[in-house]
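Engineer: I have a structure I would like to understand better, so I am pasting it below and will then ask my questions one at a time.
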Amino acid sequence: MSEISTDEPEVIPETLRERDQWVCWREEERDGKPTKIPVTPGAGGFASSTEPQTWRSFETALEYRGTEHADGVGFVFTDDDPIVGVDLDDCRDPETGDVDDDAQDIIKRLDSYTEVSPSGTGYHVLITGELPDGRNRRGSVELYDTARFFTVTGDHVEGTPSRVARRQDALTAIHREYVQDTEREPAAESEQRGGADDEAATTGTADVDVDLEDKDLLEKARNASNGEKFERLWNGNTVGYDSQSEADMALCCLLAFWTGGDRTQMDHLFRQSGLLREKWDEVHYADGSTYGEKTIERAIATTSEFYDPDAGDDTVDRYTTSAESSADARDDSERSRAYLAEKNRLLSERIDDLEATLEQKTERIDTLEAEIERLTDELTTRDQQDGQSQGEQAATTGGSRSESETQSVWERLFGGRSE
């Protein structure tokens with residue numbers, strides 16, 4: 001079990017040490033499994049992550065951790081501080097030190113103070129920022145910013161910063177990718193289409209070779225029946241879309257049609273459009289893909305028809321009308337998914353609130369049970385001590401009464417006279 005060295009407490013970032021939000025904890029078995037019970041440093045009573053009067057300074061907690069009453073220290077998150085804890089469970093082999101790919105991705109992107117958990121099988125990452133709305137845990141990834149305490153070991157992960165850094169953008173992205181409901185993968189969509197579309201999605205190209213120069217391609221796209229829409233998107237106009245990301249996808253779907261799904265040409269053209277922004281080249285996915293790469297990939301996977309120059313220009317309207325219909329259907333589908341996602345989010349929030357309430361009540365029950373056990377032991381010890389004292393007193397009192405009774409009998413027999 002990792003422990004903070006009393007000789008090197010500065011391994012813990014000052015951002016944490018300067019706050020009086022520390023508790024101790026000790027491990028006890030509850031329902032057949034080990035549970036970390038929060039303890040008030042120095043007092044010996046049981047602490048709560050929602051009762052500030054049970055928290056102490058870092059120094060007090062560290063000192064009390066050195067006694068037999070505590071196994072470690074913990075930091076309590078509150079609404080009054082900007083600190084967010086990222087808990088990564090069951091992602092590290094304590095024997096070999098091997099780490100899961102997802103955990104490595106999260107740690108690298110957050111790039112803040114990281115330490116090994118007490119069990120050695122996980123990590124705790126501490127950052128400053130604001131936890132996005134929605135659910136706060138999925139699988140082995142949990143995010144906390146209030147009413148919770150984090151065990152702190154001081155087992156700092158080499159290569160990560162020694163300070164608690166502000167990482168709002170990374171936190172938002174990780175929350176979306178690892179905790180919120182994930183989007184349906186393009187592969188799943190292509191499987192529904194089947195046949196040649198599966199192959200097109202896999203190779204990233206259509207079955208025809210378009211080979212249009214950029215100038216010719218843009219001219220055809222502007223002169224098509226949906227040319228006005230293309231022109232608006234090309235110029236960076238996002239009116240009619242809930243976000244720029246949706247506008248990015250719409251333009252990429254049109255480019256996929258006209259380029260025959262040529263990834264290189266799509267990327268080259270998009271960079272000339274008014275929608276280009278820094279986000280295009282940012283890595284947003286665990287496999288190392290950038291936002292732009294993934295957008296192009298999804299656009300190709302969701303495009304069912306591609307421009308065929310051999311079919312003649314008189315067929316362009318049919319193709320573009322089909323593409324427009326597909327886009328409209330996709331927009332309807334996205335709105336439907338957005339509605340369901342929002343409904344799921346609200347349900348998830350409700351579930352998380354209920355789970356949090358249950359967890360707090362369970363924690364309170366554990367605290368009360370432990371307090372009852374402590375008081376019972378204390379009462380038993382006092383009873384034993386009182387019983388021993390009464391026995392000694394009885395022995396002393398009994399001897400005196402025997403002498404008095406003997407003297408009284410002597411006086412009755414001899415009238416108090418002595419010979």
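FYI, nothing fancy with the structure tokens labels: chains A, B, ... in order, residues from 1 per chain, ligands from 1 as they appear.
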Within 7 Å of segment 141-162 of chain A, which residues of segment 9-109 of chain A show up? Give each one with its shortest atom-to-atom distance in Å (one decimal) and the two atoms involved, counting only C-alpha atoms, rows by chain then rising residue number, as JSON lines.
Structural biologist:
{"residue": "A:Val11", "atom": "CA", "partner": "A:Gly154", "partner_atom": "CA", "distance": 6.1}
{"residue": "A:Ile12", "atom": "CA", "partner": "A:Gly154", "partner_atom": "CA", "distance": 5.9}
{"residue": "A:Pro13", "atom": "CA", "partner": "A:Ser162", "partner_atom": "CA", "distance": 6.5}
{"residue": "A:Ser49", "atom": "CA", "partner": "A:Ala147", "partner_atom": "CA", "distance": 5.2}
{"residue": "A:Thr50", "atom": "CA", "partner": "A:Ala147", "partner_atom": "CA", "distance": 5.5}
{"residue": "A:Val73", "atom": "CA", "partner": "A:Val152", "partner_atom": "CA", "distance": 5.9}
{"residue": "A:Gly74", "atom": "CA", "partner": "A:Thr151", "partner_atom": "CA", "distance": 4.1}
{"residue": "A:Phe75", "atom": "CA", "partner": "A:Phe150", "partner_atom": "CA", "distance": 5.2}
{"residue": "A:Val76", "atom": "CA", "partner": "A:Phe149", "partner_atom": "CA", "distance": 4.1}
{"residue": "A:Phe77", "atom": "CA", "partner": "A:Thr146", "partner_atom": "CA", "distance": 4.5}
{"residue": "A:Thr78", "atom": "CA", "partner": "A:Thr146", "partner_atom": "CA", "distance": 4.2}
{"residue": "A:Asp79", "atom": "CA", "partner": "A:Thr146", "partner_atom": "CA", "distance": 5.6}
{"residue": "A:Ile83", "atom": "CA", "partner": "A:Asp145", "partner_atom": "CA", "distance": 6.2}
{"residue": "A:Val84", "atom": "CA", "partner": "A:Asp145", "partner_atom": "CA", "distance": 4.6}
{"residue": "A:Gly85", "atom": "CA", "partner": "A:Tyr144", "partner_atom": "CA", "distance": 5.2}
{"residue": "A:Val86", "atom": "CA", "partner": "A:Leu143", "partner_atom": "CA", "distance": 4.7}
{"residue": "A:Asp87", "atom": "CA", "partner": "A:Glu142", "partner_atom": "CA", "distance": 5.0}
{"residue": "A:Leu88", "atom": "CA", "partner": "A:Val141", "partner_atom": "CA", "distance": 5.0}
{"residue": "A:Asp89", "atom": "CA", "partner": "A:Val141", "partner_atom": "CA", "distance": 6.7}
Engineer: With N, CA, C and O atoms retained, export the selected residues as a PDB file, in the first residue's frame.
Structural biologist:
ATOM      1  N   VAL A  11       5.671  16.323  -1.842  1.00  0.00           N
ATOM      2  CA  VAL A  11       5.312  15.612  -3.069  1.00  0.00           C
ATOM      3  C   VAL A  11       3.858  15.882  -3.429  1.00  0.00           C
ATOM      4  O   VAL A  11       3.472  15.836  -4.598  1.00  0.00           O
ATOM      5  N   ILE A  12       3.033  16.194  -2.424  1.00  0.00           N
ATOM      6  CA  ILE A  12       1.640  16.558  -2.664  1.00  0.00           C
ATOM      7  C   ILE A  12       1.587  18.018  -3.109  1.00  0.00           C
ATOM      8  O   ILE A  12       2.167  18.887  -2.454  1.00  0.00           O
ATOM      9  N   PRO A  13       0.908  18.324  -4.211  1.00  0.00           N
ATOM     10  CA  PRO A  13       0.853  19.705  -4.703  1.00  0.00           C
ATOM     11  C   PRO A  13       0.355  20.678  -3.642  1.00  0.00           C
ATOM     12  O   PRO A  13      -0.551  20.377  -2.864  1.00  0.00           O
ATOM     13  N   SER A  49     -17.799  13.430   3.994  1.00  0.00           N
ATOM     14  CA  SER A  49     -17.398  14.302   2.894  1.00  0.00           C
ATOM     15  C   SER A  49     -18.353  15.471   2.711  1.00  0.00           C
ATOM     16  O   SER A  49     -18.129  16.324   1.853  1.00  0.00           O
ATOM     17  N   THR A  50     -19.422  15.535   3.516  1.00  0.00           N
ATOM     18  CA  THR A  50     -20.368  16.647   3.435  1.00  0.00           C
ATOM     19  C   THR A  50     -20.428  17.458   4.730  1.00  0.00           C
ATOM     20  O   THR A  50     -21.261  18.356   4.852  1.00  0.00           O
ATOM     21  N   VAL A  73      -4.514   9.101   4.182  1.00  0.00           N
ATOM     22  CA  VAL A  73      -5.180  10.398   4.192  1.00  0.00           C
ATOM     23  C   VAL A  73      -5.986  10.573   2.916  1.00  0.00           C
ATOM     24  O   VAL A  73      -5.759   9.878   1.911  1.00  0.00           O
ATOM     25  N   GLY A  74      -6.934  11.512   2.951  1.00  0.00           N
ATOM     26  CA  GLY A  74      -7.759  11.762   1.778  1.00  0.00           C
ATOM     27  C   GLY A  74      -8.120  13.232   1.661  1.00  0.00           C
ATOM     28  O   GLY A  74      -8.182  13.944   2.669  1.00  0.00           O
ATOM     29  N   PHE A  75      -8.347  13.689   0.430  1.00  0.00           N
ATOM     30  CA  PHE A  75      -8.725  15.076   0.157  1.00  0.00           C
ATOM     31  C   PHE A  75     -10.204  15.128  -0.217  1.00  0.00           C
ATOM     32  O   PHE A  75     -10.669  14.330  -1.037  1.00  0.00           O
ATOM     33  N   VAL A  76     -10.944  16.076   0.374  1.00  0.00           N
ATOM     34  CA  VAL A  76     -12.382  16.200   0.139  1.00  0.00           C
ATOM     35  C   VAL A  76     -12.646  17.267  -0.929  1.00  0.00           C
ATOM     36  O   VAL A  76     -12.171  18.396  -0.817  1.00  0.00           O
ATOM     37  N   PHE A  77     -13.417  16.901  -1.961  1.00  0.00           N
ATOM     38  CA  PHE A  77     -13.809  17.857  -2.992  1.00  0.00           C
ATOM     39  C   PHE A  77     -15.049  18.620  -2.536  1.00  0.00           C
ATOM     40  O   PHE A  77     -15.966  18.037  -1.957  1.00  0.00           O
ATOM     41  N   THR A  78     -15.081  19.931  -2.825  1.00  0.00           N
ATOM     42  CA  THR A  78     -16.230  20.747  -2.449  1.00  0.00           C
ATOM     43  C   THR A  78     -16.629  21.653  -3.614  1.00  0.00           C
ATOM     44  O   THR A  78     -15.888  21.805  -4.594  1.00  0.00           O
ATOM     45  N   ASP A  79     -17.794  22.295  -3.456  1.00  0.00           N
ATOM     46  CA  ASP A  79     -18.249  23.255  -4.459  1.00  0.00           C
ATOM     47  C   ASP A  79     -17.430  24.540  -4.432  1.00  0.00           C
ATOM     48  O   ASP A  79     -17.487  25.336  -5.372  1.00  0.00           O
ATOM     49  N   ILE A  83     -11.181  22.069  -7.968  1.00  0.00           N
ATOM     50  CA  ILE A  83     -10.432  20.830  -8.182  1.00  0.00           C
ATOM     51  C   ILE A  83     -11.359  19.684  -8.575  1.00  0.00           C
ATOM     52  O   ILE A  83     -12.416  19.482  -7.980  1.00  0.00           O
ATOM     53  N   VAL A  84     -10.933  18.944  -9.585  1.00  0.00           N
ATOM     54  CA  VAL A  84     -11.683  17.790 -10.085  1.00  0.00           C
ATOM     55  C   VAL A  84     -10.773  16.563 -10.003  1.00  0.00           C
ATOM     56  O   VAL A  84      -9.587  16.629 -10.345  1.00  0.00           O
ATOM     57  N   GLY A  85     -11.320  15.464  -9.532  1.00  0.00           N
ATOM     58  CA  GLY A  85     -10.562  14.218  -9.448  1.00  0.00           C
ATOM     59  C   GLY A  85     -11.024  13.218 -10.489  1.00  0.00           C
ATOM     60  O   GLY A  85     -12.222  13.016 -10.670  1.00  0.00           O
ATOM     61  N   VAL A  86     -10.067  12.616 -11.190  1.00  0.00           N
ATOM     62  CA  VAL A  86     -10.360  11.598 -12.184  1.00  0.00           C
ATOM     63  C   VAL A  86      -9.844  10.263 -11.653  1.00  0.00           C
ATOM     64  O   VAL A  86      -8.646  10.090 -11.439  1.00  0.00           O
ATOM     65  N   ASP A  87     -10.762   9.347 -11.412  1.00  0.00           N
ATOM     66  CA  ASP A  87     -10.443   8.053 -10.809  1.00  0.00           C
ATOM     67  C   ASP A  87     -10.433   6.983 -11.900  1.00  0.00           C
ATOM     68  O   ASP A  87     -11.449   6.737 -12.550  1.00  0.00           O
ATOM     69  N   LEU A  88      -9.280   6.356 -12.106  1.00  0.00           N
ATOM     70  CA  LEU A  88      -9.137   5.311 -13.115  1.00  0.00           C
ATOM     71  C   LEU A  88      -8.891   3.985 -12.397  1.00  0.00           C
ATOM     72  O   LEU A  88      -7.815   3.759 -11.837  1.00  0.00           O
ATOM     73  N   ASP A  89      -9.880   3.111 -12.390  1.00  0.00           N
ATOM     74  CA  ASP A  89      -9.799   1.851 -11.649  1.00  0.00           C
ATOM     75  C   ASP A  89      -9.409   0.688 -12.561  1.00  0.00           C
ATOM     76  O   ASP A  89      -9.689   0.697 -13.769  1.00  0.00           O
TER      77      ASP A  89
END
Engineer: Determine the nearest neighbour of Glu363 of chain A from the options A:Thr35, A:Asp262, A:Thr303, A:Asp102, counting only C-alpha atoms.
Structural biologist: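 The shortest atom-to-atom distance to Glu363 of chain A comes from A:Thr35.
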Engineer: Enumerate the residues of segment 20-205 of chain A with a DSSP assignment of alpha helix (DSSP H), computed from the backbone, and present them as a PDB file with N, CA and C atoms, in the first residue's frame.
Structural biologist:
ATOM      1  N   PHE A  58      -3.843  19.576   6.251  1.00  0.00           N
ATOM      2  CA  PHE A  58      -3.016  18.485   5.725  1.00  0.00           C
ATOM      3  C   PHE A  58      -2.046  17.989   6.799  1.00  0.00           C
ATOM      4  N   GLU A  59      -1.435  18.924   7.524  1.00  0.00           N
ATOM      5  CA  GLU A  59      -0.444  18.540   8.547  1.00  0.00           C
ATOM      6  C   GLU A  59      -1.081  17.679   9.635  1.00  0.00           C
ATOM      7  N   THR A  60      -2.287  18.071  10.069  1.00  0.00           N
ATOM      8  CA  THR A  60      -2.980  17.299  11.110  1.00  0.00           C
ATOM      9  C   THR A  60      -3.325  15.903  10.605  1.00  0.00           C
ATOM     10  N   ALA A  61      -3.780  15.834   9.375  1.00  0.00           N
ATOM     11  CA  ALA A  61      -4.131  14.537   8.795  1.00  0.00           C
ATOM     12  C   ALA A  61      -2.902  13.652   8.647  1.00  0.00           C
ATOM     13  N   LEU A  62      -1.813  14.250   8.189  1.00  0.00           N
ATOM     14  CA  LEU A  62      -0.589  13.473   7.994  1.00  0.00           C
ATOM     15  C   LEU A  62      -0.056  12.946   9.322  1.00  0.00           C
ATOM     16  N   GLU A  63      -0.141  13.776  10.362  1.00  0.00           N
ATOM     17  CA  GLU A  63       0.321  13.353  11.683  1.00  0.00           C
ATOM     18  C   GLU A  63      -0.531  12.212  12.228  1.00  0.00           C
ATOM     19  N   TYR A  64      -1.848  12.322  12.057  1.00  0.00           N
ATOM     20  CA  TYR A  64      -2.736  11.288  12.575  1.00  0.00           C
ATOM     21  C   TYR A  64      -2.618   9.997  11.773  1.00  0.00           C
ATOM     22  N   ARG A  65      -2.248  10.128  10.493  1.00  0.00           N
ATOM     23  CA  ARG A  65      -2.056   8.941   9.660  1.00  0.00           C
ATOM     24  C   ARG A  65      -0.960   8.041  10.223  1.00  0.00           C
ATOM     25  N   ASP A 101      -4.532   0.983 -22.422  1.00  0.00           N
ATOM     26  CA  ASP A 101      -4.394   2.050 -23.411  1.00  0.00           C
ATOM     27  C   ASP A 101      -5.273   3.251 -23.080  1.00  0.00           C
ATOM     28  N   ASP A 102      -6.523   2.998 -22.664  1.00  0.00           N
ATOM     29  CA  ASP A 102      -7.427   4.097 -22.361  1.00  0.00           C
ATOM     30  C   ASP A 102      -6.892   4.936 -21.209  1.00  0.00           C
ATOM     31  N   ALA A 103      -6.380   4.277 -20.169  1.00  0.00           N
ATOM     32  CA  ALA A 103      -5.841   5.010 -19.024  1.00  0.00           C
ATOM     33  C   ALA A 103      -4.634   5.842 -19.445  1.00  0.00           C
ATOM     34  N   GLN A 104      -3.779   5.277 -20.281  1.00  0.00           N
ATOM     35  CA  GLN A 104      -2.622   6.019 -20.780  1.00  0.00           C
ATOM     36  C   GLN A 104      -3.067   7.248 -21.558  1.00  0.00           C
ATOM     37  N   ASP A 105      -4.106   7.082 -22.374  1.00  0.00           N
ATOM     38  CA  ASP A 105      -4.617   8.186 -23.179  1.00  0.00           C
ATOM     39  C   ASP A 105      -5.139   9.307 -22.283  1.00  0.00           C
ATOM     40  N   ILE A 106      -5.914   8.944 -21.264  1.00  0.00           N
ATOM     41  CA  ILE A 106      -6.500   9.943 -20.369  1.00  0.00           C
ATOM     42  C   ILE A 106      -5.411  10.672 -19.583  1.00  0.00           C
ATOM     43  N   ILE A 107      -4.462   9.919 -19.040  1.00  0.00           N
ATOM     44  CA  ILE A 107      -3.382  10.525 -18.255  1.00  0.00           C
ATOM     45  C   ILE A 107      -2.547  11.476 -19.119  1.00  0.00           C
ATOM     46  N   LYS A 108      -2.262  11.047 -20.336  1.00  0.00           N
ATOM     47  CA  LYS A 108      -1.444  11.870 -21.230  1.00  0.00           C
ATOM     48  C   LYS A 108      -2.164  13.162 -21.600  1.00  0.00           C
ATOM     49  N   ARG A 109      -3.453  13.064 -21.896  1.00  0.00           N
ATOM     50  CA  ARG A 109      -4.203  14.246 -22.336  1.00  0.00           C
ATOM     51  C   ARG A 109      -4.486  15.212 -21.190  1.00  0.00           C
ATOM     52  N   LEU A 110      -4.714  14.701 -19.981  1.00  0.00           N
ATOM     53  CA  LEU A 110      -4.944  15.585 -18.846  1.00  0.00           C
ATOM     54  C   LEU A 110      -3.648  16.267 -18.410  1.00  0.00           C
ATOM     55  N   GLN A 168      -9.313  22.303 -18.725  1.00  0.00           N
ATOM     56  CA  GLN A 168     -10.745  22.303 -19.000  1.00  0.00           C
ATOM     57  C   GLN A 168     -11.084  21.635 -20.324  1.00  0.00           C
ATOM     58  N   ASP A 169     -10.356  21.993 -21.393  1.00  0.00           N
ATOM     59  CA  ASP A 169     -10.664  21.431 -22.707  1.00  0.00           C
ATOM     60  C   ASP A 169     -10.489  19.914 -22.711  1.00  0.00           C
ATOM     61  N   ALA A 170      -9.399  19.454 -22.115  1.00  0.00           N
ATOM     62  CA  ALA A 170      -9.140  18.010 -22.073  1.00  0.00           C
ATOM     63  C   ALA A 170     -10.197  17.298 -21.230  1.00  0.00           C
ATOM     64  N   LEU A 171     -10.592  17.921 -20.113  1.00  0.00           N
ATOM     65  CA  LEU A 171     -11.615  17.334 -19.247  1.00  0.00           C
ATOM     66  C   LEU A 171     -12.937  17.204 -19.993  1.00  0.00           C
ATOM     67  N   THR A 172     -13.305  18.247 -20.726  1.00  0.00           N
ATOM     68  CA  THR A 172     -14.558  18.221 -21.485  1.00  0.00           C
ATOM     69  C   THR A 172     -14.543  17.112 -22.529  1.00  0.00           C
ATOM     70  N   ALA A 173     -13.414  16.991 -23.237  1.00  0.00           N
ATOM     71  CA  ALA A 173     -13.299  15.964 -24.273  1.00  0.00           C
ATOM     72  C   ALA A 173     -13.331  14.557 -23.683  1.00  0.00           C
ATOM     73  N   ILE A 174     -12.630  14.363 -22.581  1.00  0.00           N
ATOM     74  CA  ILE A 174     -12.572  13.037 -21.951  1.00  0.00           C
ATOM     75  C   ILE A 174     -13.935  12.673 -21.364  1.00  0.00           C
ATOM     76  N   PRO A 186     -19.074   4.466 -36.929  1.00  0.00           N
ATOM     77  CA  PRO A 186     -19.339   4.414 -38.364  1.00  0.00           C
ATOM     78  C   PRO A 186     -19.430   3.000 -38.893  1.00  0.00           C
ATOM     79  N   ALA A 187     -18.616   2.102 -38.326  1.00  0.00           N
ATOM     80  CA  ALA A 187     -18.614   0.713 -38.793  1.00  0.00           C
ATOM     81  C   ALA A 187     -19.987   0.091 -38.619  1.00  0.00           C
ATOM     82  N   ALA A 188     -20.661   0.446 -37.494  1.00  0.00           N
ATOM     83  CA  ALA A 188     -21.981  -0.117 -37.237  1.00  0.00           C
ATOM     84  C   ALA A 188     -22.973   0.378 -38.278  1.00  0.00           C
ATOM     85  N   GLU A 189     -22.828   1.659 -38.696  1.00  0.00           N
ATOM     86  CA  GLU A 189     -23.726   2.195 -39.699  1.00  0.00           C
ATOM     87  C   GLU A 189     -23.490   1.540 -41.048  1.00  0.00           C
ATOM     88  N   SER A 190     -22.215   1.309 -41.364  1.00  0.00           N
ATOM     89  CA  SER A 190     -21.899   0.712 -42.665  1.00  0.00           C
ATOM     90  C   SER A 190     -22.360  -0.734 -42.725  1.00  0.00           C
ATOM     91  N   GLU A 191     -22.370  -1.414 -41.574  1.00  0.00           N
ATOM     92  CA  GLU A 191     -22.825  -2.800 -41.561  1.00  0.00           C
ATOM     93  C   GLU A 191     -24.294  -2.902 -41.941  1.00  0.00           C
ATOM     94  N   GLN A 192     -25.082  -1.865 -41.608  1.00  0.00           N
ATOM     95  CA  GLN A 192     -26.498  -1.899 -41.937  1.00  0.00           C
ATOM     96  C   GLN A 192     -26.721  -1.747 -43.432  1.00  0.00           C
ATOM     97  N   ARG A 193     -25.799  -1.055 -44.093  1.00  0.00           N
ATOM     98  CA  ARG A 193     -25.960  -0.884 -45.528  1.00  0.00           C
ATOM     99  C   ARG A 193     -25.534  -2.138 -46.275  1.00  0.00           C
ATOM    100  N   ALA A 196     -21.383  -3.572 -51.048  1.00  0.00           N
ATOM    101  CA  ALA A 196     -20.353  -2.679 -51.560  1.00  0.00           C
ATOM    102  C   ALA A 196     -20.106  -1.523 -50.620  1.00  0.00           C
ATOM    103  N   ASP A 197     -21.121  -1.081 -49.903  1.00  0.00           N
ATOM    104  CA  ASP A 197     -20.935   0.033 -48.987  1.00  0.00           C
ATOM    105  C   ASP A 197     -19.988  -0.338 -47.859  1.00  0.00           C
ATOM    106  N   ASP A 198     -20.015  -1.614 -47.439  1.00  0.00           N
ATOM    107  CA  ASP A 198     -19.085  -2.056 -46.412  1.00  0.00           C
ATOM    108  C   ASP A 198     -17.659  -1.887 -46.905  1.00  0.00           C
ATOM    109  N   GLU A 199     -17.431  -2.268 -48.150  1.00  0.00           N
ATOM    110  CA  GLU A 199     -16.097  -2.178 -48.696  1.00  0.00           C
ATOM    111  C   GLU A 199     -15.671  -0.718 -48.816  1.00  0.00           C
ATOM    112  N   ALA A 200     -16.613   0.145 -49.243  1.00  0.00           N
ATOM    113  CA  ALA A 200     -16.296   1.551 -49.391  1.00  0.00           C
ATOM    114  C   ALA A 200     -15.933   2.163 -48.047  1.00  0.00           C
ATOM    115  N   ALA A 201     -16.673   1.766 -46.992  1.00  0.00           N
ATOM    116  CA  ALA A 201     -16.379   2.316 -45.679  1.00  0.00           C
ATOM    117  C   ALA A 201     -15.034   1.829 -45.177  1.00  0.00           C
ATOM    118  N   THR A 202     -14.691   0.606 -45.536  1.00  0.00           N
ATOM    119  CA  THR A 202     -13.432   0.043 -45.074  1.00  0.00           C
ATOM    120  C   THR A 202     -12.244   0.672 -45.779  1.00  0.00           C
ATOM    121  N   THR A 203     -12.356   0.846 -47.076  1.00  0.00           N
ATOM    122  CA  THR A 203     -11.232   1.382 -47.835  1.00  0.00           C
ATOM    123  C   THR A 203     -11.194   2.898 -47.789  1.00  0.00           C
TER     124      THR A 203
END
Engineer: Using only C-alpha atoms, pick whichever of A:Thr295, A:Gln180, A:Thr264, A:Gln385 has the shortest atom-to-atom distance to Ser245 of chain A.
Structural biologist: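 Result for the nearest residue to Ser245 of chain A: A:Thr295.
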Engineer: Quick one: everything within 8 Å of Ala70 of chain A, counting only C-alpha atoms, minus sequence neighbours fewer than 6 positions away in the same chain. Send it as a ChimeraX atom specification.
Structural biologist: /A:24-26,39,64
Engineer: Which residues, written as a VMD selection string, have at least one atom at most 9 Å from Cys91 of chain A, with only C-alpha atoms counted and residues fewer than 6 positions away on the same chain left out?
Structural biologist: chain A and resid 98 to 103 121 to 123 140
Engineer: For each of A:Pro34, A:Pro82, A:Gly134, A:Pro52, take the minimum atom-to-atom distance to Arg166 of chain A, counting only C-alpha atoms, then give the residue where this is smallest.
Structural biologist: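 Once distances to Arg166 of chain A are computed over only C-alpha atoms, the minimum belongs to A:Pro82.
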